[in-house]
Amino acid sequence: MTTSQKVLIGAAAAAVIVGGVAIGLTVSRTPDKLDLSTIHTEAAEETMASSETAATAPETMESTEQKPDASSSITADLETYTSGKVSIQYPVVSNLEDQELQTKINELLKNNALSVIEANAIDTENDQMDIKCSVISVNRSRLTATYQGTLNVQGAAHPTNLFYSNTVSMTQAADLGFSDFTDAYTMAGYVLSDDVQFLNLTSDELSAVLEYRSSLSLETLTELFESADFPLNQEGEWPQSFSYEKQGAICFSLPVPHALGDYVIVSYDPVTK
């Protein structure tokens, strides 16, 4: 794959980055306000530590810190994968009674965390990537982790900000995604509504994002959210959006041009809608 193809997630200001898919979007009238009161979520239990480990070789090193969930003995540590100029943290769970299930869960978590390399054709010897993991919650039902970092592709004009997330069922060792939390059409309407909330934006950043939002259509956003999250599709394409739950709120990423930060996080709290 050529360098220009690899830069699909670090494209210029008019391009949608993380998925590497340029969004040719048409202006669409905000749909009639949707009834958002029917969406229910499971309040996530806040736990977890962020213990970063130093990396020395294309392998993983264990973190020594464990912080158990308040309601169970299940714990999650962070380990770090390194290869060349690539460094990626990912969670490892322990203390499950079913060791076979625990092994499957940990394999799934690691494979998903590292899939960003192959899906985006990263050259680990020349492209620099640094991803940090945060475990939002871990209990006997599910583990939720978010990943944030940067990618600097060799020859690119600027680094790209990256975000992805992973929610895994602790009873089935399976990925949970957007459709498990809400539905794509409703959230597309929410993004286009006057009620939409974005996390951690200044007033100037919010104004710029809302201006960009005017170029988005209900149909485009619905399609984007329908293809969100792990697992990757049969073609191994990287999703343009990732979602997770935090303390009962549904959060999900929306790709934006690089000048706006490459992505923003939308927050939907069903209690207030």
# chains A, B, ... in the order shown; residues from 1 in each chain; ligands from 1
call {"tool": "closest_atom_pairs", "arguments": {"of": "segment 177-238 of chain A", "to": "segment 114-133 of chain A", "cutoff": "9 Å", "atoms": "only C-alpha atoms", "output": "JSON lines"}}
result
{"residue": "A:Leu232", "atom": "CA", "partner": "A:Ala119", "partner_atom": "CA", "distance": 8.8}
{"residue": "A:Gly236", "atom": "CA", "partner": "A:Ala119", "partner_atom": "CA", "distance": 6.1}
{"residue": "A:Glu237", "atom": "CA", "partner": "A:Ala119", "partner_atom": "CA", "distance": 6.1}
{"residue": "A:Trp238", "atom": "CA", "partner": "A:Ala119", "partner_atom": "CA", "distance": 5.8}
call {"tool": "write_last_selection", "arguments": {"atoms": "N, CA and C atoms", "output": "CSV table (one decimal), in the first residue's frame"}}
result
chain,number,residue,atom,x,y,z
A,232,LEU,N,-14.3,-5.5,13.2
A,232,LEU,CA,-14.1,-4.9,11.8
A,232,LEU,C,-14.9,-5.7,10.8
A,236,GLY,N,-12.0,-5.7,6.7
A,236,GLY,CA,-11.0,-5.2,7.6
A,236,GLY,C,-10.9,-3.7,7.7
A,237,GLU,N,-12.0,-3.0,7.3
A,237,GLU,CA,-11.9,-1.5,7.2
A,237,GLU,C,-12.1,-0.9,8.6
A,238,TRP,N,-11.3,0.1,8.9
A,238,TRP,CA,-11.3,0.8,10.2
A,238,TRP,C,-12.6,1.6,10.3
call {"tool": "closest_residue", "arguments": {"among": "A:Asp77, A:Glu226, A:Glu97, A:Asp195", "to": "Leu109 of chain A", "atoms": "only C-alpha atoms"}}
result
A:Asp77
call {"tool": "closest_residue", "arguments": {"among": "A:Pro255, A:Gly155, A:Gly149, A:Pro91", "to": "Thr220 of chain A", "atoms": "only C-alpha atoms"}}
result
A:Pro255
call {"tool": "closest_residue", "arguments": {"among": "A:Leu96, A:Glu211, A:Thr160, A:Gln172", "to": "Leu108 of chain A", "atoms": "only C-alpha atoms"}}
result
A:Gln172
call {"tool": "atom_distance", "arguments": {"atom1": "atom CA of Ala76 of chain A", "atom2": "atom CA of Asp229 of chain A"}}
result
21.0 Å
call {"tool": "atom_distance", "arguments": {"atom1": "atom CA of Gln89 of chain A", "atom2": "atom CA of Thr150 of chain A"}}
result
12.8 Å
call {"tool": "atom_distance", "arguments": {"atom1": "atom CA of Ala113 of chain A", "atom2": "atom CA of Glu235 of chain A"}}
result
17.5 Å
